[in-house]
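What follows is the content of my_file21.txt (compact mmCIF, C-alpha atoms and all ligand atoms).
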```txt
# COMPACT_ATOMS: atom_id res chain seq x y z
CA MET N 1177 290.21 113.60 251.41
CA LEU N 1178 289.04 110.09 251.92
CA ILE N 1179 286.20 108.78 249.82
CA ARG N 1180 284.73 105.79 251.49
CA HIS N 1181 282.62 103.10 250.02
CA PRO N 1182 279.01 102.93 251.22
CA THR N 1183 279.73 99.79 253.22
CA ASP N 1184 282.50 101.62 255.14
CA ILE N 1185 280.16 104.37 256.32
CA LEU N 1186 278.24 103.55 259.46
CA PRO N 1187 274.65 104.84 259.51
CA SER N 1188 275.44 106.40 262.92
CA GLU N 1189 278.24 108.51 261.40
CA ILE N 1190 275.83 109.89 258.84
CA THR N 1191 273.22 110.70 261.48
CA ASP N 1192 275.80 112.45 263.68
CA LYS N 1193 276.95 114.68 260.87
CA ALA N 1194 273.40 115.39 259.79
CA LEU N 1195 272.59 116.49 263.34
CA TYR N 1196 275.04 119.33 263.49
CA LEU N 1197 274.92 120.36 259.85
CA SER N 1198 271.66 121.34 258.27
CA ARG N 1199 270.62 118.94 255.53
CA ARG N 1200 271.52 121.53 252.91
CA ASP N 1201 274.99 122.24 254.36
CA PHE N 1202 275.54 118.54 254.64
CA MET N 1203 274.66 117.98 251.00
CA THR N 1204 276.96 120.85 250.00
CA ALA N 1205 279.84 119.37 251.99
CA ALA N 1206 279.25 115.97 250.46
CA GLY N 1207 279.01 117.58 247.02
CA ALA N 1208 282.38 119.31 247.52
CA ALA N 1209 283.82 115.90 248.27
CA GLY N 1210 282.47 114.74 244.91
CA LEU N 1211 279.82 112.60 246.51
CA VAL N 1212 276.08 112.79 246.71
CA LEU N 1213 274.75 110.85 249.64
CA ALA N 1214 271.31 109.70 248.65
CA GLY N 1215 268.67 108.89 251.25
CA VAL N 1216 270.33 110.24 254.39
CA SER N 1217 267.92 108.52 256.74
CA GLY N 1218 267.60 105.29 254.75
CA PRO N 1219 270.36 103.06 253.40
CA VAL N 1220 273.35 105.22 252.46
CA GLU N 1221 274.55 105.13 248.89
CA ALA N 1222 277.65 107.11 247.86
CA LYS N 1223 277.13 108.33 244.32
CA LEU N 1224 279.54 110.44 242.32
CA ALA N 1225 277.97 113.70 241.18
CA THR N 1226 278.02 113.70 237.37
CA VAL N 1227 276.72 115.63 234.40
CA PRO N 1228 275.51 113.89 231.23
CA SER N 1229 277.81 113.90 228.20
CA ARG N 1230 277.16 114.76 224.58
CA PHE N 1231 279.44 111.84 223.70
CA SER N 1232 277.18 109.14 225.19
CA THR N 1233 275.82 106.44 222.92
CA ALA N 1234 272.09 105.67 222.98
CA ASP N 1235 272.90 101.92 223.06
CA LYS N 1236 271.54 100.15 226.11
CA PRO N 1237 274.25 99.78 228.78
CA ASN N 1238 275.26 96.33 229.95
CA THR N 1239 274.36 95.46 233.51
CA LYS N 1240 276.74 96.29 236.34
CA GLN N 1241 276.98 92.56 236.98
CA GLU N 1242 278.17 91.91 233.40
CA ILE N 1243 280.60 94.84 233.42
CA THR N 1244 282.22 93.83 236.71
CA THR N 1245 282.44 90.05 236.26
CA TYR N 1246 283.55 89.65 232.62
CA ASN N 1247 286.92 91.41 232.48
CA ASN N 1248 290.33 91.44 230.88
CA PHE N 1249 292.92 92.50 233.45
CA TYR N 1250 295.83 90.09 233.09
CA GLU N 1251 297.49 91.45 236.24
CA PHE N 1252 294.81 89.44 238.06
CA GLY N 1253 294.70 86.37 235.82
CA THR N 1254 293.82 85.53 232.24
CA ASP N 1255 290.30 84.14 232.71
CA LYS N 1256 287.40 86.54 232.35
CA GLY N 1257 286.27 85.81 235.92
CA ASP N 1258 289.73 86.16 237.54
CA PRO N 1259 289.82 89.96 237.99
CA ALA N 1260 286.53 90.02 239.93
CA VAL N 1261 287.86 87.31 242.24
CA ASN N 1262 291.47 88.53 242.66
CA ALA N 1263 291.42 92.32 242.33
CA GLY N 1264 289.90 92.94 245.76
CA LYS N 1265 293.38 92.92 247.34
CA LEU N 1266 294.64 95.84 245.29
CA VAL N 1267 295.13 98.92 247.48
CA THR N 1268 294.10 101.97 245.47
CA ARG N 1269 294.61 104.72 248.11
CA PRO N 1270 296.86 106.64 248.35
CA TRP N 1271 297.43 106.81 244.58
CA THR N 1272 299.36 109.24 242.43
CA VAL N 1273 299.79 109.66 238.69
CA ARG N 1274 303.09 111.06 237.45
CA VAL N 1275 302.73 113.10 234.22
CA GLU N 1276 306.14 113.78 232.70
CA GLY N 1277 308.39 113.70 229.64
CA GLU N 1278 308.09 116.29 226.89
CA VAL N 1279 306.18 118.80 228.99
CA MET N 1280 306.94 122.20 230.45
CA LYS N 1281 305.40 121.43 233.83
CA PRO N 1282 305.86 117.79 234.89
CA LYS N 1283 303.67 116.99 237.85
CA THR N 1284 302.67 114.22 240.23
CA PHE N 1285 298.91 114.40 240.62
CA ASP N 1286 297.29 113.01 243.73
CA LEU N 1287 294.12 111.06 243.00
CA ASP N 1288 292.06 113.49 245.10
CA GLU N 1289 293.22 116.30 242.82
CA ILE N 1290 292.41 114.25 239.72
CA MET N 1291 288.89 113.61 241.04
CA LYS N 1292 288.27 117.36 241.17
CA LEU N 1293 290.21 118.57 238.12
CA ALA N 1294 287.16 118.85 235.84
CA PRO N 1295 283.42 118.18 236.08
CA LEU N 1296 282.74 114.44 236.13
CA GLU N 1297 280.68 113.34 233.16
CA GLU N 1298 278.74 110.16 232.72
CA ARG N 1299 279.83 108.87 229.30
CA ILE N 1300 278.10 105.80 227.99
CA TYR N 1301 280.68 104.26 225.65
CA ARG N 1302 280.83 101.13 223.57
CA LEU N 1303 283.86 98.95 224.29
CA ARG N 1304 284.93 96.52 221.56
CA CYS N 1305 287.47 93.94 222.66
CA VAL N 1306 289.92 92.61 220.08
CA GLU N 1307 288.71 89.10 220.99
CA GLY N 1308 285.32 89.74 219.35
CA TRP N 1309 283.00 90.72 222.19
CA SER N 1310 281.63 94.12 223.09
CA MET N 1311 279.87 95.92 225.92
CA VAL N 1312 278.27 99.27 226.64
CA ILE N 1313 279.56 100.89 229.81
CA PRO N 1314 278.38 104.03 231.64
CA TRP N 1315 281.83 105.35 232.55
CA ILE N 1316 282.46 108.41 234.71
CA GLY N 1317 285.31 110.77 233.99
CA TYR N 1318 286.46 113.63 231.80
CA SER N 1319 288.61 114.16 228.72
CA LEU N 1320 292.29 113.25 229.18
CA SER N 1321 293.12 116.60 227.54
CA GLU N 1322 292.13 118.25 230.86
CA ILE N 1323 295.19 116.68 232.48
CA LEU N 1324 297.51 116.97 229.48
CA LYS N 1325 296.93 120.68 228.96
CA ARG N 1326 297.88 121.39 232.58
CA VAL N 1327 301.42 120.03 232.11
CA GLU N 1328 301.94 122.04 228.88
CA PRO N 1329 303.20 119.56 226.26
CA THR N 1330 306.25 120.74 224.26
CA SER N 1331 306.43 120.57 220.44
CA LYS N 1332 308.39 117.31 220.82
CA ALA N 1333 305.42 115.56 222.46
CA LYS N 1334 304.28 113.37 219.56
CA TYR N 1335 302.99 110.38 221.54
CA VAL N 1336 301.64 109.57 225.00
CA GLU N 1337 302.64 106.44 226.92
CA PHE N 1338 300.52 104.99 229.74
CA THR N 1339 301.96 102.69 232.39
CA THR N 1340 299.98 100.48 234.76
CA LEU N 1341 300.99 99.79 238.35
CA LYS N 1342 303.45 96.91 238.89
CA ARG N 1343 302.83 95.39 242.32
CA PRO N 1344 303.02 91.58 242.17
CA GLU N 1345 302.19 91.21 245.90
CA GLN N 1346 298.71 92.53 245.12
CA MET N 1347 298.52 91.62 241.43
CA PRO N 1348 298.98 87.84 241.35
CA GLY N 1349 298.87 87.65 237.55
CA GLN N 1350 302.16 89.57 237.43
CA ARG N 1351 303.89 86.50 238.83
CA ASN N 1352 303.32 84.91 235.39
CA ALA N 1353 305.25 86.15 232.38
CA VAL N 1354 302.19 86.28 230.07
CA LEU N 1355 303.14 89.89 229.34
CA ASP N 1356 306.23 91.97 230.00
CA TRP N 1357 305.09 93.87 233.15
CA PRO N 1358 304.21 96.62 233.74
CA TYR N 1359 301.44 96.89 231.14
CA VAL N 1360 302.25 99.73 228.77
CA GLU N 1361 300.02 101.32 226.13
CA GLY N 1362 300.30 104.37 223.92
CA LEU N 1363 298.44 106.84 221.75
CA ARG N 1364 299.47 109.48 219.25
CA ILE N 1365 299.24 112.95 220.81
CA ASP N 1366 296.22 113.96 218.70
CA GLU N 1367 294.44 110.76 219.73
CA ALA N 1368 295.24 111.46 223.38
CA MET N 1369 293.98 115.04 223.05
CA ASN N 1370 290.79 113.99 221.23
CA PRO N 1371 287.88 114.84 223.55
CA LEU N 1372 286.60 111.24 223.33
CA THR N 1373 289.68 109.89 225.13
CA LEU N 1374 288.49 109.55 228.68
CA VAL N 1375 290.21 109.61 232.05
CA THR N 1376 287.95 107.10 233.72
CA LEU N 1377 287.31 107.26 237.45
CA GLY N 1378 284.01 105.48 237.91
CA LEU N 1379 281.15 103.52 236.41
CA TYR N 1380 277.44 103.20 237.10
CA GLY N 1381 277.59 106.25 239.35
CA GLU N 1382 280.31 104.91 241.67
CA LEU N 1383 284.08 104.79 241.94
CA LEU N 1384 285.69 102.26 239.59
CA PRO N 1385 285.62 98.69 240.85
CA ASN N 1386 289.19 97.32 241.04
CA GLN N 1387 288.57 94.80 238.27
CA ASN N 1388 287.72 97.63 235.87
CA GLY N 1389 290.99 99.50 236.50
CA ALA N 1390 290.66 101.37 239.79
CA PRO N 1391 291.34 104.00 240.70
CA ILE N 1392 292.05 105.49 237.26
CA ARG N 1393 292.05 103.99 233.76
CA ILE N 1394 291.86 105.27 230.22
CA ALA N 1395 288.95 104.60 227.83
CA VAL N 1396 289.53 105.04 224.09
CA PRO N 1397 286.22 103.92 222.59
CA TRP N 1398 287.17 103.77 218.87
CA LYS N 1399 290.07 101.39 219.49
CA TYR N 1400 290.18 97.79 220.64
CA GLY N 1401 289.83 97.56 224.40
CA PHE N 1402 293.46 96.69 225.10
CA LYS N 1403 294.46 100.27 224.19
CA SER N 1404 292.63 101.42 227.35
CA ALA N 1405 295.18 100.85 230.12
CA LYS N 1406 293.91 100.20 233.63
CA SER N 1407 295.24 101.31 237.06
CA VAL N 1408 297.53 103.92 235.50
CA ILE N 1409 300.40 105.36 237.54
CA ARG N 1410 302.38 107.19 234.85
CA ILE N 1411 301.57 109.20 231.73
CA ARG N 1412 304.65 110.10 229.73
CA LEU N 1413 304.69 112.40 226.71
CA VAL N 1414 307.36 111.25 224.29
CA GLU N 1415 308.83 111.94 220.86
CA LYS N 1416 309.01 108.34 219.63
CA GLN N 1417 306.15 105.88 219.25
CA PRO N 1418 305.97 103.82 222.48
CA ILE N 1419 306.18 100.03 222.31
CA SER N 1420 303.09 98.68 223.99
CA SER N 1421 303.05 95.42 225.96
CA TRP N 1422 300.91 93.76 223.28
CA MET N 1423 303.18 94.91 220.45
CA SER N 1424 306.22 93.49 222.16
CA ALA N 1425 304.35 90.25 222.96
CA ASN N 1426 303.16 89.77 219.37
CA PRO N 1427 303.82 92.55 216.82
CA ARG N 1428 302.18 90.59 213.98
CA GLU N 1429 298.87 90.44 215.82
CA TYR N 1430 298.72 93.74 217.70
CA GLY N 1431 299.56 97.01 215.99
CA PHE N 1432 300.11 100.39 217.57
CA PHE N 1433 296.91 101.97 216.24
CA SER N 1434 294.44 99.11 216.76
CA ASN N 1435 291.48 101.14 215.59
CA VAL N 1436 288.30 99.06 215.48
CA ASN N 1437 288.12 98.09 211.80
CA PRO N 1438 285.83 95.35 210.43
CA GLN N 1439 287.91 95.24 207.23
CA VAL N 1440 291.20 94.38 208.91
CA ASP N 1441 291.09 90.92 210.42
CA HIS N 1442 293.18 89.70 213.30
CA PRO N 1443 295.60 87.11 211.83
CA ARG N 1444 293.72 84.37 213.67
CA TRP N 1445 290.08 85.52 213.35
CA SER N 1446 287.71 87.85 211.53
CA GLN N 1447 286.87 91.25 213.00
CA ALA N 1448 283.75 91.71 210.83
CA SER N 1449 281.29 90.93 213.63
CA GLU N 1450 281.10 90.88 217.39
CA ARG N 1451 278.99 89.50 220.19
CA ARG N 1452 277.55 92.09 222.54
CA ILE N 1453 277.69 90.52 225.99
CA GLY N 1454 274.12 89.58 226.96
CA GLU N 1455 272.91 89.20 223.36
CA PHE N 1456 272.44 86.01 221.38
CA PHE N 1457 272.86 87.16 217.77
CA LYS N 1458 276.08 88.69 216.54
CA ARG N 1459 276.27 92.32 215.46
CA LYS N 1460 278.22 93.73 212.55
CA THR N 1461 281.31 95.57 213.76
CA VAL N 1462 281.29 99.24 212.76
CA MET N 1463 284.37 101.18 211.58
CA PHE N 1464 285.97 103.06 214.48
CA ASN N 1465 283.37 101.31 216.69
CA GLY N 1466 280.83 103.88 215.46
CA TYR N 1467 282.87 106.93 216.49
CA GLY N 1468 283.99 107.85 212.94
CA ASP N 1469 282.38 111.30 213.01
CA GLN N 1470 284.68 112.31 215.87
CA VAL N 1471 287.87 110.46 214.89
CA ALA N 1472 288.08 109.56 211.18
CA SER N 1473 289.70 112.89 210.23
CA MET N 1474 292.75 112.01 212.37
CA TYR N 1475 293.53 109.18 209.94
CA ALA N 1476 292.78 110.93 206.63
CA GLY N 1477 295.09 109.59 203.92
CA MET N 1478 296.52 106.85 206.15
CA ASP N 1479 296.64 103.23 205.00
CA LEU N 1480 294.74 101.62 207.88
CA LYS N 1481 295.69 98.10 206.75
CA LYS N 1482 299.36 98.98 207.05
CA TYR N 1483 298.91 101.00 210.22
CA PHE N 1484 296.63 98.50 211.95
N1 LIG N 1501 294.91 97.17 231.27
C1 LIG N 1501 295.79 96.44 231.98
N2 LIG N 1501 296.63 97.08 232.80
N3 LIG N 1501 295.84 95.09 231.88
C2 LIG N 1501 295.02 94.40 231.05
O1 LIG N 1501 295.11 93.16 230.97
N4 LIG N 1501 293.21 94.53 229.37
C3 LIG N 1501 292.68 95.38 228.29
C4 LIG N 1501 292.18 96.72 228.82
N5 LIG N 1501 293.12 97.30 229.75
C5 LIG N 1501 294.08 95.13 230.26
C6 LIG N 1501 294.05 96.55 230.44
C7 LIG N 1501 291.64 94.73 227.51
S1 LIG N 1501 292.13 93.48 226.47
C8 LIG N 1501 290.33 95.13 227.56
S2 LIG N 1501 289.17 94.45 226.50
C9 LIG N 1501 289.87 96.12 228.55
O2 LIG N 1501 290.92 96.52 229.44
C10 LIG N 1501 288.74 95.52 229.38
O3 LIG N 1501 288.20 96.48 230.25
P1 LIG N 1501 287.00 96.08 231.25
O4 LIG N 1501 287.42 94.80 231.94
O5 LIG N 1501 286.83 97.22 232.18
O6 LIG N 1501 285.79 95.84 230.38
```
Write out the structure in this file as structure tokens.
Amino acid sequence: MLIRHPTDILPSEITDKALYLSRRDFMTAAGAAGLVLAGVSGPVEAKLATVPSRFSTADKPNTKQEITTYNNFYEFGTDKGDPAVNAGKLVTRPWTVRVEGEVMKPKTFDLDEIMKLAPLEERIYRLRCVEGWSMVIPWIGYSLSEILKRVEPTSKAKYVEFTTLKRPEQMPGQRNAVLDWPYVEGLRIDEAMNPLTLVTLGLYGELLPNQNGAPIRIAVPWKYGFKSAKSVIRIRLVEKQPISSWMSANPREYGFFSNVNPQVDHPRWSQASERRIGEFFKRKTVMFNGYGDQVASMYAGMDLKKYF
């Protein structure tokens, strides 16, 4: 199945299809493809069909403009504006995600299969970057546990490692050794199975823009943003704690857990407050980025200064 962007679909193609399918059949066919085509006779807009999520924050989402032009995606450059300028060249179809390691049923998932694996939810999440800014993003996706349970983790699966695509021809930032490519991140298995951990396939009703991690990224809203790997090609369940790209770049500054914690400062700056993009005054940073009710129990009895 090919999902095309609205600009790729000629109005004439839509009219032709609509002529030989009744409007209702047409909408059903589009729905089966995961798309709702709004305004068949007017301008065509491909929207992903989603259901609302009980995990959404009531915070006001940032604008699509803010979310798609102020990014961290070092594969496309280290300036906030670089990904929006450079990520257009990344080819995101065909795309597969290999899920392997300590599992009974390792499997290579095609993106089309991933799109249909579970109902797509709109989840409005806060994202707190380790650098001290934050955003609110209406992501689209479903819990990562939906994928993990299908490969049947063994009792040795204690951690989950995520690997981003390495393709320097299309990812110009990978020609610089700012990080050890490919970008690798990891979670403990209970963190990965927590329903809040999102397989993210879209935002603002549409497929993910490349600069936000197309075609598939992870979103872990109670951790600093760098834990949420973009453009993922491999998910490996492992026995030992993975070494993430940021840990190997600077273990003193970036720990494995990296839970949002206003009481544990980054060695070079305070984490007590943050600037929400689009706002003038700073906000106080909240423990676990405000998701404590859902996640605090996973860290009961743990020294969160030691395991930062
Ligand atoms: N994933 C990859 N592969 N490369 C990156 O540089 N940056 C991380 C994270 N995921 C990054 C990544 C950081 S630091 C943040 S804050 C978020 O992506 C930013 O996500 P956004 O640009 O969609 O807001």
Could you list, as a short mmCIF file (atom, residue, chain, number, x, y, z; two decimals) with C-alpha atoms, keeping the file's coordinate frame, all residues that come within 7 Å of ligand LIG 1501 (chain N)? Count all atoms listed in the file.
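Result saved to out23.cif:
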```
data_model
loop_
_atom_site.label_atom_id
_atom_site.label_comp_id
_atom_site.auth_asym_id
_atom_site.auth_seq_id
_atom_site.Cartn_x
_atom_site.Cartn_y
_atom_site.Cartn_z
CA ILE N 1243 280.60 94.84 233.42
CA TYR N 1246 283.55 89.65 232.62
CA ASN N 1247 286.92 91.41 232.48
CA ASN N 1248 290.33 91.44 230.88
CA PHE N 1249 292.92 92.50 233.45
CA TYR N 1250 295.83 90.09 233.09
CA GLU N 1251 297.49 91.45 236.24
CA ARG N 1304 284.93 96.52 221.56
CA CYS N 1305 287.47 93.94 222.66
CA VAL N 1306 289.92 92.61 220.08
CA THR N 1340 299.98 100.48 234.76
CA TYR N 1359 301.44 96.89 231.14
CA GLN N 1387 288.57 94.80 238.27
CA ASN N 1388 287.72 97.63 235.87
CA GLY N 1389 290.99 99.50 236.50
CA TYR N 1400 290.18 97.79 220.64
CA GLY N 1401 289.83 97.56 224.40
CA PHE N 1402 293.46 96.69 225.10
CA LYS N 1403 294.46 100.27 224.19
CA SER N 1404 292.63 101.42 227.35
CA ALA N 1405 295.18 100.85 230.12
CA LYS N 1406 293.91 100.20 233.63
CA SER N 1407 295.24 101.31 237.06
#
```
What separates atom CA of Pro1344 of chain N and atom CA of Thr1245 of chain N is a distance of 21.5 Å
Do you know which residues are at most 8 Å from segment 1480-1483 of chain N counting only C-alpha atoms, after dropping those on the same chain fewer than 4 positions away, and could you put them as an MDAnalysis selection string?
chainID N and resid 1431:1433 1440 1475
Those selected residues, please, written with C-alpha atoms and delivered as a compact mmCIF listing (two decimals), in the coordinates of the input.
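What follows is the written file result33.txt:
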```txt
# COMPACT_ATOMS: atom_id res chain seq x y z
CA GLY N 1431 299.56 97.01 215.99
CA PHE N 1432 300.11 100.39 217.57
CA PHE N 1433 296.91 101.97 216.24
CA VAL N 1440 291.20 94.38 208.91
CA TYR N 1475 293.53 109.18 209.94
```
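Among N:Thr1233, N:Thr1226, N:Asn1262, N:Gln1241, the residue with the shortest atom-to-atom distance to Gln1346 of chain N, counting all atoms listed in the file, is N:Asn1262.
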Could you list as a short mmCIF file (atom, residue, chain, number, x, y, z; two decimals) with C-alpha atoms, in the frame of the given file every residue that has an atom within 9 Å of (296.5, 113.9, 221.3), using the file's coordinates and counting all atoms listed in the file?
```
data_model
loop_
_atom_site.label_atom_id
_atom_site.label_comp_id
_atom_site.auth_asym_id
_atom_site.auth_seq_id
_atom_site.Cartn_x
_atom_site.Cartn_y
_atom_site.Cartn_z
CA LEU N 1320 292.29 113.25 229.18
CA SER N 1321 293.12 116.60 227.54
CA LEU N 1324 297.51 116.97 229.48
CA LYS N 1334 304.28 113.37 219.56
CA TYR N 1335 302.99 110.38 221.54
CA VAL N 1336 301.64 109.57 225.00
CA LEU N 1363 298.44 106.84 221.75
CA ARG N 1364 299.47 109.48 219.25
CA ILE N 1365 299.24 112.95 220.81
CA ASP N 1366 296.22 113.96 218.70
CA GLU N 1367 294.44 110.76 219.73
CA ALA N 1368 295.24 111.46 223.38
CA MET N 1369 293.98 115.04 223.05
CA ASN N 1370 290.79 113.99 221.23
CA PRO N 1371 287.88 114.84 223.55
CA THR N 1373 289.68 109.89 225.13
#
```
10 Å contact set for Val1267 of chain N, only C-alpha atoms, chain neighbours under 2 positions out, as a PyMOL selection string:
chain N and resi 1263-1265+1269-1271+1343+1346+1386+1390-1391
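Counting all atoms listed in the file, Pro1438 of chain N has the following residues at most 8 Å away, ignoring those fewer than 4 positions along the same chain: N:Ser1446, N:Gln1447, N:Ala1448, N:Ser1449, N:Thr1461, N:Val1462, N:Met1463.
Note that the spacing between atom CA of Leu1413 of chain N and atom CA of Gly1477 of chain N amounts to 24.9 Å.
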Between N:Glu1328, N:Asp1235, N:Glu1415, N:Asp1469, which has the minimum distance to Arg1302 of chain N (counting all atoms listed in the file)?
N:Asp1235
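A straight line drawn from atom CA of Val1396 of chain N to atom CA of Glu1361 of chain N is 11.3 Å long.
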For segment 1288-1293 of chain N, work out the shell of residues within 12 Å, counting only C-alpha atoms and skipping chain neighbours fewer than 4 positions away, then give it as a CSV table (one decimal) with C-alpha atoms, in the coordinates of the input.
```
chain,number,residue,atom,x,y,z
N,1177,MET,CA,290.2,113.6,251.4
N,1178,LEU,CA,289.0,110.1,251.9
N,1179,ILE,CA,286.2,108.8,249.8
N,1207,GLY,CA,279.0,117.6,247.0
N,1208,ALA,CA,282.4,119.3,247.5
N,1209,ALA,CA,283.8,115.9,248.3
N,1210,GLY,CA,282.5,114.7,244.9
N,1211,LEU,CA,279.8,112.6,246.5
N,1224,LEU,CA,279.5,110.4,242.3
N,1225,ALA,CA,278.0,113.7,241.2
N,1226,THR,CA,278.0,113.7,237.4
N,1268,THR,CA,294.1,102.0,245.5
N,1269,ARG,CA,294.6,104.7,248.1
N,1270,PRO,CA,296.9,106.6,248.4
N,1271,TRP,CA,297.4,106.8,244.6
N,1272,THR,CA,299.4,109.2,242.4
N,1273,VAL,CA,299.8,109.7,238.7
N,1274,ARG,CA,303.1,111.1,237.4
N,1275,VAL,CA,302.7,113.1,234.2
N,1283,LYS,CA,303.7,117.0,237.8
N,1284,THR,CA,302.7,114.2,240.2
N,1297,GLU,CA,280.7,113.3,233.2
N,1316,ILE,CA,282.5,108.4,234.7
N,1317,GLY,CA,285.3,110.8,234.0
N,1318,TYR,CA,286.5,113.6,231.8
N,1319,SER,CA,288.6,114.2,228.7
N,1320,LEU,CA,292.3,113.2,229.2
N,1321,SER,CA,293.1,116.6,227.5
N,1322,GLU,CA,292.1,118.2,230.9
N,1323,ILE,CA,295.2,116.7,232.5
N,1324,LEU,CA,297.5,117.0,229.5
N,1325,LYS,CA,296.9,120.7,229.0
N,1326,ARG,CA,297.9,121.4,232.6
N,1375,VAL,CA,290.2,109.6,232.0
N,1376,THR,CA,288.0,107.1,233.7
N,1377,LEU,CA,287.3,107.3,237.4
N,1378,GLY,CA,284.0,105.5,237.9
N,1383,LEU,CA,284.1,104.8,241.9
N,1384,LEU,CA,285.7,102.3,239.6
N,1391,PRO,CA,291.3,104.0,240.7
N,1392,ILE,CA,292.0,105.5,237.3
N,1393,ARG,CA,292.0,104.0,233.8
```
Shortest interatomic distance to Tyr1467 of chain N - which of N:Phe1231, N:Lys1416, N:Leu1287, N:Ser1331, counting all atoms listed in the file
N:Phe1231
Spatial neighbours of Val1354 of chain N, max dist 12 Å, all atoms listed in the file, sep filter under 5 positions, as a ChimeraX atom specification
/N:1249-1254,1348-1349,1359,1421-1422,1424-1426
When you count all atoms listed in the file, which of these residues is closest to Ile1409 of chain N: N:Lys1342, N:Lys1223, N:Lys1281, N:Arg1230?
N:Lys1342
Could you give me segment 1432-1443 of chain N completed to N, CA, C and O atoms, formatted as a CSV table (one decimal), in the frame of the given file?
```
chain,number,residue,atom,x,y,z
N,1432,PHE,N,300.2,99.2,216.7
N,1432,PHE,CA,300.1,100.4,217.6
N,1432,PHE,C,298.7,101.1,217.5
N,1432,PHE,O,298.2,101.5,218.6
N,1433,PHE,N,298.1,101.2,216.3
N,1433,PHE,CA,296.9,102.0,216.2
N,1433,PHE,C,295.7,101.2,216.8
N,1433,PHE,O,295.0,101.7,217.6
N,1434,SER,N,295.5,100.0,216.3
N,1434,SER,CA,294.4,99.1,216.8
N,1434,SER,C,293.1,99.8,216.8
N,1434,SER,O,292.3,99.7,217.8
N,1435,ASN,N,292.8,100.6,215.7
N,1435,ASN,CA,291.5,101.1,215.6
N,1435,ASN,C,290.5,100.0,215.3
N,1435,ASN,O,290.8,99.1,214.5
N,1436,VAL,N,289.3,100.1,215.8
N,1436,VAL,CA,288.3,99.1,215.5
N,1436,VAL,C,288.0,99.2,214.0
N,1436,VAL,O,287.7,100.2,213.5
N,1437,ASN,N,288.2,98.0,213.3
N,1437,ASN,CA,288.1,98.1,211.8
N,1437,ASN,C,287.7,96.7,211.3
N,1437,ASN,O,288.4,95.8,211.3
N,1438,PRO,N,286.4,96.7,210.9
N,1438,PRO,CA,285.8,95.4,210.4
N,1438,PRO,C,286.5,94.8,209.2
N,1438,PRO,O,286.4,93.6,208.9
N,1439,GLN,N,287.2,95.7,208.5
N,1439,GLN,CA,287.9,95.2,207.2
N,1439,GLN,C,289.3,94.7,207.5
N,1439,GLN,O,289.9,94.2,206.5
N,1440,VAL,N,289.8,94.9,208.6
N,1440,VAL,CA,291.2,94.4,208.9
N,1440,VAL,C,291.1,93.3,210.0
N,1440,VAL,O,290.8,93.6,211.1
N,1441,ASP,N,291.2,92.0,209.5
N,1441,ASP,CA,291.1,90.9,210.4
N,1441,ASP,C,292.3,90.7,211.3
N,1441,ASP,O,293.4,91.1,210.9
N,1442,HIS,N,292.1,90.2,212.5
N,1442,HIS,CA,293.2,89.7,213.3
N,1442,HIS,C,293.8,88.5,212.5
N,1442,HIS,O,293.0,87.8,211.9
N,1443,PRO,N,295.1,88.2,212.6
N,1443,PRO,CA,295.6,87.1,211.8
N,1443,PRO,C,294.9,85.8,212.1
N,1443,PRO,O,294.9,84.9,211.3
```
